[in-house]
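Engineer: Data: entry_0.txt, compact mmCIF, C-alpha atoms (C1' of nucleotides).
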# COMPACT_ATOMS: atom_id res chain seq x y z
CA MET E 19 76.87 106.81 43.69
CA GLN E 20 79.48 109.37 44.64
CA LYS E 21 77.15 112.04 43.27
CA THR E 22 77.83 114.50 46.02
CA ALA E 23 76.56 117.26 43.80
CA SER E 24 73.06 117.93 42.59
CA GLN E 25 70.80 115.73 40.53
CA VAL E 26 70.47 118.62 38.12
CA PRO E 27 74.06 119.60 37.49
CA GLY E 28 74.71 123.12 36.43
CA LEU E 29 71.79 124.39 38.40
CA HIS E 30 73.57 123.41 41.56
CA ARG E 31 75.65 126.04 43.26
CA ALA E 32 79.07 124.49 43.19
CA SER E 33 81.36 125.12 46.10
CA LEU E 34 84.37 126.74 44.57
CA ARG E 35 87.26 128.23 46.42
CA LYS E 36 86.87 132.01 46.55
CA LEU E 37 89.96 133.67 45.14
CA HIS E 38 88.52 137.16 45.47
CA GLU E 39 86.11 138.88 47.75
CA LEU E 40 83.58 139.37 44.98
CA ASP E 41 83.68 135.83 43.63
CA ALA E 42 80.60 134.92 45.62
CA ALA E 43 78.68 137.84 44.17
CA LEU E 44 79.87 136.96 40.69
CA GLU E 45 78.59 133.43 41.05
CA LEU E 46 75.32 134.65 42.52
CA MET E 47 74.63 136.64 39.38
CA TYR E 48 75.03 133.48 37.35
CA TYR E 49 72.90 131.29 39.56
CA GLY E 50 70.39 134.09 40.09
CA TRP E 51 69.67 134.33 36.40
CA ARG E 52 69.28 130.57 36.26
CA GLY E 53 67.08 130.54 39.34
CA MET E 54 64.74 133.17 37.97
CA THR E 55 64.28 131.66 34.53
CA LEU E 56 64.24 127.97 35.40
CA SER E 57 60.57 127.47 36.19
CA ALA E 58 59.47 129.78 33.39
CA ASP E 59 61.57 127.81 30.90
CA GLN E 60 60.09 124.58 32.15
CA TYR E 61 56.58 125.95 31.65
CA LEU E 62 57.42 127.29 28.20
CA ASP E 63 58.71 123.89 27.24
CA THR E 64 55.31 122.35 28.00
CA VAL E 65 53.71 124.67 25.45
CA GLY E 66 56.42 124.11 22.87
CA LEU E 67 58.05 127.50 23.24
CA SER E 68 61.36 128.72 24.55
CA ARG E 69 63.16 131.84 25.76
CA PRO E 70 63.27 133.76 22.48
CA HIS E 71 59.53 133.26 22.04
CA HIS E 72 58.96 134.52 25.55
CA ARG E 73 61.13 137.56 24.90
CA ILE E 74 58.95 138.42 21.91
CA LEU E 75 55.74 137.85 23.84
CA TYR E 76 57.02 139.91 26.74
CA VAL E 77 57.90 142.91 24.61
CA VAL E 78 54.78 142.80 22.44
CA ALA E 79 52.62 142.60 25.57
CA ARG E 80 54.19 145.82 26.81
CA ARG E 81 54.26 147.59 23.45
CA PRO E 82 51.00 146.75 21.71
CA ASP E 83 51.03 147.70 18.02
CA ILE E 84 54.81 147.60 17.93
CA SER E 85 56.29 147.37 14.43
CA ILE E 86 58.64 144.61 13.33
CA GLY E 87 61.48 147.07 13.07
CA SER E 88 61.01 148.39 16.59
CA LEU E 89 60.74 144.86 17.92
CA ILE E 90 64.05 144.00 16.28
CA GLU E 91 65.58 147.07 17.85
CA VAL E 92 64.28 146.32 21.33
CA LEU E 93 65.31 142.68 21.20
CA GLY E 94 68.67 143.50 19.71
CA ILE E 95 68.65 140.72 17.14
CA SER E 96 68.58 140.63 13.35
CA LYS E 97 65.35 140.38 11.40
CA GLN E 98 66.41 136.93 10.24
CA ALA E 99 66.85 135.82 13.81
CA LEU E 100 63.44 137.21 14.70
CA ASN E 101 61.82 135.60 11.69
CA ARG E 102 61.57 132.01 12.84
CA PRO E 103 60.28 132.46 16.40
CA LEU E 104 57.89 135.21 15.34
CA ALA E 105 56.58 133.14 12.44
CA LEU E 106 55.80 130.36 14.89
CA LEU E 107 53.95 132.73 17.19
CA LEU E 108 51.93 134.07 14.27
CA GLU E 109 51.19 130.59 12.97
CA ARG E 110 50.01 129.49 16.39
CA LYS E 111 47.95 132.66 16.64
CA LEU E 112 49.62 133.85 19.81
CA VAL E 113 50.54 137.06 18.03
CA ALA E 114 48.40 138.88 15.46
CA ALA E 115 49.77 141.17 12.78
CA LYS E 116 47.80 143.87 11.07
CA ARG E 117 48.83 146.64 8.78
CA SER E 118 47.97 150.03 10.13
CA PRO E 119 45.41 151.96 8.09
CA GLU E 120 47.57 155.02 7.58
CA GLN E 121 51.11 153.64 7.91
CA HIS E 122 50.41 150.77 5.57
CA ARG E 123 54.08 149.89 5.30
CA SER E 124 54.51 148.77 8.86
CA LYS E 125 53.07 145.68 10.41
CA LEU E 126 51.68 146.16 13.85
CA LEU E 127 51.96 143.30 16.29
CA ARG E 128 49.67 142.47 19.18
CA LEU E 129 49.16 139.50 21.42
CA THR E 130 46.02 137.47 20.97
CA ALA E 131 44.11 136.33 24.03
CA ALA E 132 45.97 133.02 23.87
CA GLY E 133 49.27 134.81 23.55
CA GLN E 134 48.48 137.02 26.51
CA LYS E 135 47.70 133.98 28.60
CA ILE E 136 51.01 132.29 27.84
CA GLU E 137 52.98 135.49 28.32
CA GLN E 138 51.35 136.10 31.67
CA THR E 139 51.90 132.55 32.85
CA ALA E 140 55.55 132.47 31.84
CA SER E 141 56.35 135.92 33.21
CA SER E 142 54.49 135.23 36.43
CA HIS E 143 56.76 132.24 37.03
CA GLU E 144 59.69 134.64 36.95
CA ARG E 145 57.94 137.25 39.05
CA LYS E 146 57.03 134.65 41.66
CA VAL E 147 60.70 133.81 42.17
CA LEU E 148 61.46 137.50 42.60
CA ARG E 149 58.50 138.08 44.87
CA ASP E 150 59.46 135.22 47.18
CA ALA E 151 63.00 136.51 47.39
CA PHE E 152 61.88 140.07 48.04
CA ASP E 153 59.47 138.88 50.70
CA ARG E 154 62.35 137.29 52.55
CA VAL E 155 64.36 140.50 52.76
CA GLY E 156 61.62 143.09 53.05
CA ALA E 157 61.02 146.30 51.13
CA PRO E 158 64.33 147.98 52.00
CA GLY E 159 66.28 144.93 50.85
CA ALA E 160 64.31 144.80 47.63
CA ALA E 161 64.98 148.49 47.00
CA ALA E 162 68.69 147.94 47.60
CA TRP E 163 68.67 145.02 45.18
CA MET E 164 67.06 147.21 42.53
CA ALA E 165 69.59 149.97 43.12
CA VAL E 166 72.52 147.58 42.73
CA MET E 167 71.06 145.99 39.61
CA GLU E 168 70.46 149.37 38.05
CA ALA E 169 74.06 150.33 38.65
CA ILE E 170 75.22 147.08 37.09
CA ALA E 171 72.86 147.30 34.15
CA ASP E 172 73.83 150.88 33.36
CA ASN E 173 77.49 150.00 33.56
CA ASN E 174 78.09 149.85 29.80
CA MET Z 8 68.29 158.60 11.69
CA GLN Z 9 65.26 157.93 13.88
CA LYS Z 10 67.48 155.73 16.03
CA THR Z 11 66.01 156.92 19.28
CA ALA Z 12 67.35 153.78 20.92
CA SER Z 13 70.92 152.74 21.57
CA GLN Z 14 73.74 152.26 19.11
CA VAL Z 15 74.14 148.82 20.57
CA PRO Z 16 70.61 147.46 20.49
CA GLY Z 17 69.75 144.74 22.92
CA LEU Z 18 72.14 146.10 25.46
CA HIS Z 19 69.98 149.15 25.80
CA ARG Z 20 67.37 149.16 28.49
CA ALA Z 21 64.21 149.50 26.49
CA SER Z 22 61.39 151.50 27.96
CA LEU Z 23 58.53 149.07 28.11
CA ARG Z 24 55.20 149.65 29.74
CA LYS Z 25 55.16 147.98 33.15
CA LEU Z 26 52.20 145.64 33.37
CA HIS Z 27 53.15 144.37 36.80
CA GLU Z 28 54.90 145.76 39.81
CA LEU Z 29 57.81 143.37 39.41
CA ASP Z 30 58.35 143.91 35.70
CA ALA Z 31 61.11 146.40 36.40
CA ALA Z 32 62.91 143.91 38.62
CA LEU Z 33 62.49 141.20 36.02
CA GLU Z 34 64.06 143.37 33.35
CA LEU Z 35 66.84 144.39 35.70
CA MET Z 36 67.85 140.77 36.08
CA TYR Z 37 68.18 140.50 32.33
CA TYR Z 38 70.10 143.73 31.85
CA GLY Z 39 72.14 143.09 34.98
CA TRP Z 40 73.50 139.85 33.59
CA ARG Z 41 74.30 141.61 30.35
CA GLY Z 42 75.88 144.54 32.17
CA MET Z 43 78.12 142.32 34.24
CA THR Z 44 79.34 140.12 31.41
CA LEU Z 45 79.61 142.68 28.62
CA SER Z 46 83.12 144.02 29.19
CA ALA Z 47 84.46 140.57 30.09
CA ASP Z 48 83.06 139.14 26.87
CA GLN Z 49 84.60 141.97 24.89
CA TYR Z 50 87.98 141.25 26.46
CA LEU Z 51 87.64 137.51 25.88
CA ASP Z 52 86.89 138.20 22.25
CA THR Z 53 90.22 139.97 21.87
CA VAL Z 54 92.03 136.82 22.97
CA GLY Z 55 89.88 134.54 20.82
CA LEU Z 56 87.90 133.04 23.66
CA SER Z 57 84.30 133.22 24.75
CA ARG Z 58 82.01 132.55 27.69
CA PRO Z 59 82.30 128.75 27.81
CA HIS Z 60 86.09 129.03 27.84
CA HIS Z 61 85.88 131.54 30.66
CA ARG Z 62 83.59 129.26 32.62
CA ILE Z 63 86.17 126.49 32.37
CA LEU Z 64 89.03 128.79 33.33
CA TYR Z 65 87.03 130.18 36.24
CA VAL Z 66 86.26 126.77 37.70
CA VAL Z 67 89.72 125.29 37.15
CA ALA Z 68 91.28 128.35 38.79
CA ARG Z 69 89.21 127.66 41.89
CA ARG Z 70 89.59 123.90 41.87
CA PRO Z 71 93.16 123.17 40.91
CA ASP Z 72 93.71 119.51 40.00
CA ILE Z 73 90.04 119.05 39.22
CA SER Z 74 89.26 115.96 37.14
CA ILE Z 75 87.43 116.07 33.82
CA GLY Z 76 84.45 114.34 35.36
CA SER Z 77 84.16 116.81 38.20
CA LEU Z 78 84.52 119.69 35.81
CA ILE Z 79 81.67 118.32 33.72
CA GLU Z 80 79.58 118.03 36.86
CA VAL Z 81 80.29 121.57 38.05
CA LEU Z 82 79.68 123.11 34.64
CA GLY Z 83 76.55 121.05 34.09
CA ILE Z 84 77.33 120.17 30.49
CA SER Z 85 78.07 116.93 28.68
CA LYS Z 86 81.60 115.71 28.13
CA GLN Z 87 81.11 116.25 24.40
CA ALA Z 88 80.16 119.86 25.01
CA LEU Z 89 83.20 120.30 27.22
CA ASN Z 90 85.49 118.65 24.72
CA ARG Z 91 85.88 121.42 22.16
CA PRO Z 92 86.46 124.44 24.39
CA LEU Z 93 88.72 122.46 26.72
CA ALA Z 94 90.73 121.09 23.81
CA LEU Z 95 91.32 124.65 22.65
CA LEU Z 96 92.48 125.72 26.11
CA LEU Z 97 94.86 122.76 26.26
CA GLU Z 98 96.15 123.39 22.75
CA ARG Z 99 96.80 127.03 23.60
CA LYS Z 100 98.46 125.94 26.84
CA LEU Z 101 96.14 127.94 29.05
CA VAL Z 102 95.23 124.73 30.84
CA ALA Z 103 97.62 121.88 31.62
CA ALA Z 104 96.55 118.27 32.15
CA LYS Z 105 98.53 115.70 34.01
CA ARG Z 106 97.65 112.24 35.20
CA SER Z 107 97.94 111.88 38.92
CA PRO Z 108 100.62 109.43 40.09
CA GLU Z 109 98.31 107.28 42.17
CA GLN Z 110 94.92 107.83 40.50
CA HIS Z 111 96.30 107.25 37.05
CA ARG Z 112 92.82 107.02 35.52
CA SER Z 113 91.89 110.64 36.10
CA LYS Z 114 93.32 113.63 34.38
CA LEU Z 115 94.01 116.56 36.64
CA LEU Z 116 93.55 120.03 35.23
CA ARG Z 117 95.35 123.19 36.23
CA LEU Z 118 95.74 126.64 34.77
CA THR Z 119 99.10 127.58 33.36
CA ALA Z 120 100.52 131.01 34.12
CA ALA Z 121 99.06 132.28 30.84
CA GLY Z 122 95.70 130.74 31.68
CA GLN Z 123 95.72 132.34 35.09
CA LYS Z 124 96.40 135.70 33.58
CA ILE Z 125 93.48 135.49 31.17
CA GLU Z 126 91.14 134.14 33.84
CA GLN Z 127 92.06 136.93 36.22
CA THR Z 128 91.66 139.60 33.58
CA ALA Z 129 88.29 138.36 32.40
CA SER Z 130 86.91 137.78 35.89
CA SER Z 131 88.21 141.11 37.11
CA HIS Z 132 86.18 142.85 34.41
CA GLU Z 133 83.09 141.28 35.94
CA ARG Z 134 84.17 142.02 39.48
CA LYS Z 135 84.83 145.64 38.61
CA VAL Z 136 81.25 146.09 37.47
CA LEU Z 137 80.04 144.57 40.72
CA ARG Z 138 82.45 146.58 42.83
CA ASP Z 139 81.40 149.87 41.25
CA ALA Z 140 77.76 149.02 41.83
CA PHE Z 141 78.36 147.98 45.43
CA ASP Z 142 80.36 151.14 46.06
CA ARG Z 143 77.39 153.19 45.02
CA VAL Z 144 75.03 151.59 47.52
CA GLY Z 145 77.37 150.87 50.42
CA ALA Z 146 77.96 147.71 52.39
CA PRO Z 147 74.38 147.28 53.66
CA GLY Z 148 73.02 147.56 50.13
CA ALA Z 149 75.56 145.05 48.89
CA ALA Z 150 74.61 142.65 51.66
CA ALA Z 151 70.94 143.02 50.79
CA TRP Z 152 71.72 142.34 47.13
CA MET Z 153 73.54 139.16 48.10
CA ALA Z 154 70.66 138.05 50.29
CA VAL Z 155 68.12 138.56 47.51
CA MET Z 156 70.30 136.80 44.95
CA GLU Z 157 70.80 133.86 47.26
CA ALA Z 158 67.07 133.52 47.72
CA ILE Z 159 66.56 133.64 43.96
CA ALA Z 160 69.40 131.23 43.22
CA ASP Z 161 68.20 128.70 45.76
CA ASN Z 162 64.67 128.89 44.43
CA ASN Z 163 64.72 125.66 42.46
C1' DT X 28 91.84 87.64 33.10
C1' DC X 29 88.00 90.40 33.08
C1' DC X 30 85.06 94.10 34.47
C1' DT X 31 84.53 98.83 35.05
C1' DC X 32 85.74 103.63 35.43
C1' DA X 33 87.51 107.87 33.35
C1' DT X 34 88.32 109.63 29.30
C1' DG X 35 88.33 110.49 24.18
C1' DT X 36 86.03 110.86 19.92
C1' DC X 37 82.81 110.47 16.03
C1' DA X 38 78.33 111.35 14.00
C1' DA X 39 73.87 113.39 13.78
C1' DC X 40 71.07 116.77 15.33
C1' DA X 41 68.67 121.12 17.61
C1' DT X 42 68.71 125.88 18.61
C1' DG X 43 69.70 130.56 18.32
C1' DG X 44 72.22 133.48 16.44
C1' DT X 45 75.03 135.85 12.31
C1' DT X 46 75.83 138.15 7.18
C1' DG X 47 74.79 138.54 2.56
C1' DA X 48 71.70 138.72 -1.17
C1' DC X 49 67.55 139.43 -3.27
C1' DG X 50 62.47 140.09 -3.75
C1' DT X 51 58.03 142.49 -2.71
C1' DT X 52 55.11 146.07 -1.52
C1' DA X 53 53.64 150.52 -0.95
C1' DG X 54 54.53 155.67 0.29
C1' DG X 55 56.53 159.87 -1.00
C1' DA X 56 58.93 163.03 -3.90
C1' DT X 57 59.89 164.83 -8.29
C1' DA P 24 53.26 158.70 -13.75
C1' DT P 25 57.78 157.27 -12.43
C1' DC P 26 61.28 156.34 -9.43
C1' DC P 27 63.48 156.02 -4.99
C1' DT P 28 63.32 154.14 -0.63
C1' DA P 29 61.47 152.19 3.71
C1' DA P 30 59.61 148.11 5.87
C1' DC P 31 59.20 143.74 5.51
C1' DG P 32 59.96 138.68 3.81
C1' DT P 33 62.92 135.01 2.71
C1' DC P 34 66.68 132.07 1.12
C1' DA P 35 71.30 130.31 1.78
C1' DA P 36 75.47 129.63 4.15
C1' DC P 37 77.63 129.74 8.23
C1' DC P 38 78.99 129.66 13.33
C1' DA P 39 78.72 128.57 18.29
C1' DT P 40 76.95 125.98 21.84
C1' DG P 41 74.67 122.56 23.26
C1' DT P 42 72.37 117.65 23.02
C1' DT P 43 72.24 111.86 22.49
C1' DG P 44 74.02 107.85 21.00
C1' DA P 45 77.68 104.83 19.95
C1' DC P 46 82.02 103.13 20.35
C1' DA P 47 87.15 103.02 21.49
C1' DT P 48 91.06 103.15 24.72
C1' DG P 49 93.73 102.62 28.75
C1' DA P 50 94.46 101.48 33.38
C1' DG P 51 92.84 99.72 38.23
C1' DG P 52 90.73 96.41 40.92
C1' DA P 53 88.53 92.02 41.98
Could you quickly redo this structure as structure tokens?

Structural biologist:
Amino acid sequence: MQKTASQVPGLHRASLRKLHELDAALELMYYGWRGMTLSADQYLDTVGLSRPHHRILYVVARRPDISIGSLIEVLGISKQALNRPLALLLERKLVAAKRSPEQHRSKLLRLTAAGQKIEQTASSHERKVLRDAFDRVGAPGAAAWMAVMEAIADNN
Amino acid sequence: MQKTASQVPGLHRASLRKLHELDAALELMYYGWRGMTLSADQYLDTVGLSRPHHRILYVVARRPDISIGSLIEVLGISKQALNRPLALLLERKLVAAKRSPEQHRSKLLRLTAAGQKIEQTASSHERKVLRDAFDRVGAPGAAAWMAVMEAIADNN
DNA sequence: TCCTCATGTCAACATGGTTGACGTTAGGAT
DNA sequence: ATCCTAACGTCAACCATGTTGACATGAGGA
């Protein structure tokens, strides 16, 4: 025994001594990311996909007819890195590619019905975690959370 | 040209159509994590370390005399995965290991002065991002952020 | 003495990324 | 018509971070 910690180590919020006032917040960012993506990742695993596939599905769902080049730019990865996960999505017909009639150079990507379903299911797992948390603190708390996250995200 | 997006793709907050009310929040979690860790990762890179090394330094700083086994448990990785980054930290004398006099089986880990310095610098980069964000929304906003993140983290 | 715990270490593998190089295809300009 | 170039495809080599499995070592405890 002597497993005082969690059964799922690494997802457990370890009790570490706080050396600075903001250490708790720092750790919350880490565990928050984990907490939001955990159930979605578990679902994705059941359909043989993972986070990079979900990232592609998420973006394509919100930018129908996006080109490969734009997708690379939005995701911030190289075309070679995009190649494998996207090829799988195309092969499994979760994403469809067509060449536009006029701009025949570019490939335009769209989700198929099956792809939409998986994207919605995976993303809704993440949204549910957020919704439950927001419900607990009310609209003002949620707005404050958004404001803080925007400040952090735009840090650069 | 035609680079309407960022110079550092992937760190840029892409403008995606919002299919759901919580899409913005979902994306903020992603970009928030990036925003918090970006400058720390850049600093770590200058000293030849990366995120896993920082994770080790962070935990050991807050649990002096932690054993290898406990460290593995807190980090949630296998001993083999811990081995390489920890070996580097030991070799570079950022972490010191001693066997305890009574519990001679376990190795006890501590940061050296050099290790402490690097840990503090890296972590303070992350804390600065948080502090600036909290300053912008005030104490109540910061408290609300913490409450939401706790709810998300404890989702499981 | 022997079992077991804590640790170390090797090998094989998966995943998600990188750079570099090169090929194809099709518009657009001269 | 020809050539340049943009958008995409693809191969190879590599790196970092993780995984399991197997096995070795060293020291306490029964």

Engineer: Any chance you could tabulate, as a Markdown table, the residues of chain P at most 10 Å from chain Z with each one's nearest atom pair and distance in Å to one decimal, using all atoms listed in the file, in chain and rising number order?

Structural biologist:
| residue | atom | partner | partner_atom | distance |
| --- | --- | --- | --- | --- |
| P:DA39 | C1' | Z:Ser57 | CA | 9.7 |
| P:DT40 | C1' | Z:Ala88 | CA | 7.6 |
| P:DG41 | C1' | Z:Ala88 | CA | 6.4 |
| P:DT42 | C1' | Z:Ser85 | CA | 8.1 |
| P:DT43 | C1' | Z:Ser85 | CA | 9.9 |
| P:DG49 | C1' | Z:Arg112 | CA | 8.1 |
| P:DA50 | C1' | Z:Arg112 | CA | 6.2 |
| P:DG51 | C1' | Z:Arg112 | CA | 7.8 |

Engineer: Can you work out which residues from chain E touch chain Z at a cut-off of 6 Å (counting only C-alpha atoms) and hand them back as an NGL selection string?

Structural biologist: :E and (27-28 or 34-35 or 46 or 49-50 or 53 or 80 or 91-94 or 151 or 159 or 162-163 or 166-167 or 169-171 or 173)

Engineer: Around range 23-26 of chain Z, with edges along x, y and z and 3 Å added on all six sides, what centre and edge lengths do you get, in Å to one decimal, as AutoDock Vina command-line options?

Structural biologist:
--center_x 55.4 --center_y 147.6 --center_z 30.7 --size_x 12.3 --size_y 10.0 --size_z 11.3

Engineer: Using only C-alpha atoms (C1' of nucleotides), I'd like a table of the residues in chain X that come within 10 Å of chain Z; for each, show the closest atom pair and its distance in Å rounded to one decimal, ordered by chain and ascending number, as CSV.

Structural biologist:
residue,atom,partner,partner_atom,distance
X:DC32,C1',Z:Arg112,CA,7.9
X:DA33,C1',Z:Arg112,CA,5.8
X:DT34,C1',Z:Ser113,CA,7.7
X:DG35,C1',Z:Asn90,CA,8.7
X:DT36,C1',Z:Gln87,CA,8.6

Engineer: What does chain Z look like once superposed on chain E, all Cα atoms paired in sequence order, least squares? Give it as a short mmCIF file (atom, residue, chain, number, x, y, z; two decimals) with C-alpha atoms, keeping the file's coordinate frame.

Structural biologist:
data_model
loop_
_atom_site.label_atom_id
_atom_site.label_comp_id
_atom_site.auth_asym_id
_atom_site.auth_seq_id
_atom_site.Cartn_x
_atom_site.Cartn_y
_atom_site.Cartn_z
CA MET Z 8 76.65 106.78 43.47
CA GLN Z 9 79.29 109.32 44.46
CA LYS Z 10 76.97 112.02 43.14
CA THR Z 11 77.70 114.42 45.94
CA ALA Z 12 76.43 117.23 43.73
CA SER Z 13 72.94 117.92 42.48
CA GLN Z 14 70.68 115.72 40.41
CA VAL Z 15 70.40 118.61 38.03
CA PRO Z 16 74.02 119.58 37.46
CA GLY Z 17 74.72 123.10 36.38
CA LEU Z 18 71.78 124.39 38.30
CA HIS Z 19 73.49 123.43 41.50
CA ARG Z 20 75.56 126.04 43.23
CA ALA Z 21 78.97 124.47 43.17
CA SER Z 22 81.24 125.07 46.10
CA LEU Z 23 84.28 126.68 44.59
CA ARG Z 24 87.18 128.17 46.45
CA LYS Z 25 86.78 131.94 46.59
CA LEU Z 26 89.89 133.58 45.20
CA HIS Z 27 88.49 137.07 45.52
CA GLU Z 28 86.08 138.83 47.80
CA LEU Z 29 83.57 139.33 45.01
CA ASP Z 30 83.65 135.79 43.66
CA ALA Z 31 80.56 134.90 45.64
CA ALA Z 32 78.67 137.85 44.18
CA LEU Z 33 79.84 136.95 40.70
CA GLU Z 34 78.55 133.41 41.06
CA LEU Z 35 75.30 134.67 42.53
CA MET Z 36 74.64 136.65 39.38
CA TYR Z 37 75.02 133.49 37.35
CA TYR Z 38 72.88 131.30 39.58
CA GLY Z 39 70.39 134.11 40.10
CA TRP Z 40 69.67 134.34 36.39
CA ARG Z 41 69.28 130.59 36.27
CA GLY Z 42 67.08 130.58 39.37
CA MET Z 43 64.76 133.21 37.99
CA THR Z 44 64.32 131.70 34.55
CA LEU Z 45 64.28 128.01 35.43
CA SER Z 46 60.60 127.48 36.22
CA ALA Z 47 59.51 129.79 33.40
CA ASP Z 48 61.61 127.84 30.92
CA GLN Z 49 60.15 124.59 32.18
CA TYR Z 50 56.64 125.94 31.66
CA LEU Z 51 57.49 127.29 28.21
CA ASP Z 52 58.80 123.88 27.27
CA THR Z 53 55.42 122.34 28.02
CA VAL Z 54 53.80 124.64 25.47
CA GLY Z 55 56.54 124.10 22.89
CA LEU Z 56 58.13 127.51 23.26
CA SER Z 57 61.43 128.74 24.58
CA ARG Z 58 63.21 131.86 25.78
CA PRO Z 59 63.32 133.78 22.48
CA HIS Z 60 59.58 133.27 22.05
CA HIS Z 61 59.01 134.52 25.57
CA ARG Z 62 61.14 137.57 24.92
CA ILE Z 63 58.97 138.43 21.93
CA LEU Z 64 55.75 137.84 23.85
CA TYR Z 65 57.03 139.90 26.76
CA VAL Z 66 57.89 142.91 24.62
CA VAL Z 67 54.77 142.78 22.45
CA ALA Z 68 52.61 142.56 25.58
CA ARG Z 69 54.15 145.80 26.80
CA ARG Z 70 54.20 147.57 23.46
CA PRO Z 71 50.96 146.71 21.73
CA ASP Z 72 50.99 147.64 18.03
CA ILE Z 73 54.77 147.58 17.94
CA SER Z 74 56.24 147.35 14.44
CA ILE Z 75 58.62 144.61 13.33
CA GLY Z 76 61.44 147.10 13.09
CA SER Z 77 60.94 148.40 16.60
CA LEU Z 78 60.71 144.89 17.92
CA ILE Z 79 64.02 144.04 16.29
CA GLU Z 80 65.53 147.13 17.87
CA VAL Z 81 64.23 146.37 21.36
CA LEU Z 82 65.27 142.72 21.23
CA GLY Z 83 68.66 143.58 19.76
CA ILE Z 84 68.64 140.80 17.19
CA SER Z 85 68.60 140.72 13.41
CA LYS Z 86 65.38 140.46 11.45
CA GLN Z 87 66.47 137.02 10.28
CA ALA Z 88 66.90 135.89 13.87
CA LEU Z 89 63.48 137.28 14.72
CA ASN Z 90 61.87 135.67 11.71
CA ARG Z 91 61.65 132.06 12.86
CA PRO Z 92 60.35 132.47 16.40
CA LEU Z 93 57.93 135.21 15.35
CA ALA Z 94 56.64 133.14 12.45
CA LEU Z 95 55.89 130.34 14.89
CA LEU Z 96 54.01 132.70 17.21
CA LEU Z 97 51.98 134.02 14.28
CA GLU Z 98 51.28 130.53 12.96
CA ARG Z 99 50.10 129.43 16.40
CA LYS Z 100 48.01 132.60 16.65
CA LEU Z 101 49.66 133.79 19.83
CA VAL Z 102 50.58 137.00 18.04
CA ALA Z 103 48.42 138.81 15.49
CA ALA Z 104 49.76 141.13 12.80
CA LYS Z 105 47.77 143.79 11.07
CA ARG Z 106 48.80 146.59 8.78
CA SER Z 107 47.88 149.96 10.14
CA PRO Z 108 45.32 151.89 8.07
CA GLU Z 109 47.44 154.98 7.59
CA GLN Z 110 51.00 153.62 7.91
CA HIS Z 111 50.33 150.76 5.56
CA ARG Z 112 54.03 149.91 5.29
CA SER Z 113 54.44 148.76 8.86
CA LYS Z 114 53.03 145.66 10.40
CA LEU Z 115 51.62 146.13 13.86
CA LEU Z 116 51.95 143.27 16.30
CA ARG Z 117 49.66 142.41 19.18
CA LEU Z 118 49.16 139.43 21.42
CA THR Z 119 46.03 137.39 20.97
CA ALA Z 120 44.13 136.24 24.04
CA ALA Z 121 46.01 132.93 23.89
CA GLY Z 122 49.31 134.76 23.55
CA GLN Z 123 48.50 136.94 26.52
CA LYS Z 124 47.74 133.93 28.61
CA ILE Z 125 51.05 132.25 27.84
CA GLU Z 126 53.01 135.47 28.34
CA GLN Z 127 51.37 136.08 31.69
CA THR Z 128 51.95 132.53 32.86
CA ALA Z 129 55.59 132.47 31.85
CA SER Z 130 56.37 135.92 33.22
CA SER Z 131 54.52 135.23 36.43
CA HIS Z 132 56.80 132.25 37.06
CA GLU Z 133 59.71 134.67 36.97
CA ARG Z 134 57.94 137.27 39.06
CA LYS Z 135 57.05 134.69 41.67
CA VAL Z 136 60.71 133.86 42.19
CA LEU Z 137 61.47 137.54 42.60
CA ARG Z 138 58.52 138.14 44.88
CA ASP Z 139 59.47 135.29 47.19
CA ALA Z 140 63.01 136.59 47.39
CA PHE Z 141 61.89 140.15 48.04
CA ASP Z 142 59.48 138.95 50.71
CA ARG Z 143 62.34 137.37 52.55
CA VAL Z 144 64.38 140.57 52.75
CA GLY Z 145 61.65 143.18 53.04
CA ALA Z 146 61.06 146.37 51.10
CA PRO Z 147 64.38 148.05 51.97
CA GLY Z 148 66.31 145.00 50.83
CA ALA Z 149 64.33 144.87 47.61
CA ALA Z 150 65.02 148.54 46.99
CA ALA Z 151 68.72 147.99 47.58
CA TRP Z 152 68.70 145.07 45.15
CA MET Z 153 67.09 147.26 42.51
CA ALA Z 154 69.63 150.00 43.08
CA VAL Z 155 72.56 147.61 42.70
CA MET Z 156 71.08 146.01 39.59
CA GLU Z 157 70.50 149.39 38.02
CA ALA Z 158 74.10 150.35 38.62
CA ILE Z 159 75.27 147.08 37.08
CA ALA Z 160 72.89 147.31 34.13
CA ASP Z 161 73.88 150.87 33.33
CA ASN Z 162 77.55 150.00 33.52
CA ASN Z 163 78.21 149.85 29.80
#

Engineer: When you draw a straight line from CA of Lys135 in chain E to CA of Arg110 in chain E, how long is it in Å?

Structural biologist: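 One can read the CA of Lys135 in chain E to CA of Arg110 in chain E distance as 13.2 Å.
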
Engineer: Just the number, please: distance in Å from CA of Leu62 in chain E to CA of Arg62 in chain Z, one decimal.

Structural biologist: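 Separating CA of Leu62 in chain E from CA of Arg62 in chain Z is a distance of 26.6 Å.
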
Engineer: Tell me, in Å to one decimal, how far CA of Arg117 in chain Z is from CA of Ala104 in chain Z.

Structural biologist: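 Atom-to-atom, CA of Arg117 in chain Z and CA of Ala104 in chain Z are spaced 6.5 Å apart.
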
Engineer: Find the residues near DT28 in chain X: any atom within 12 Å, counting only C-alpha atoms (C1' of nucleotides), skip ones fewer than 2 places away on the same chain, and give them as a ChimeraX atom specification.

Structural biologist: /X:30 /P:52-53

Engineer: Keeping only C-alpha atoms (C1' of nucleotides), write those residues as a PDB file, in the coordinates of the input.

Structural biologist:
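Contents of selection-v3.pdb, as written:
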ATOM      1  C1'  DC X  30      85.060  94.100  34.470  1.00  0.00           C
TER       2       DC X  30
ATOM      3  C1'  DG P  52      90.730  96.410  40.920  1.00  0.00           C
ATOM      4  C1'  DA P  53      88.530  92.020  41.980  1.00  0.00           C
TER       5       DA P  53
END
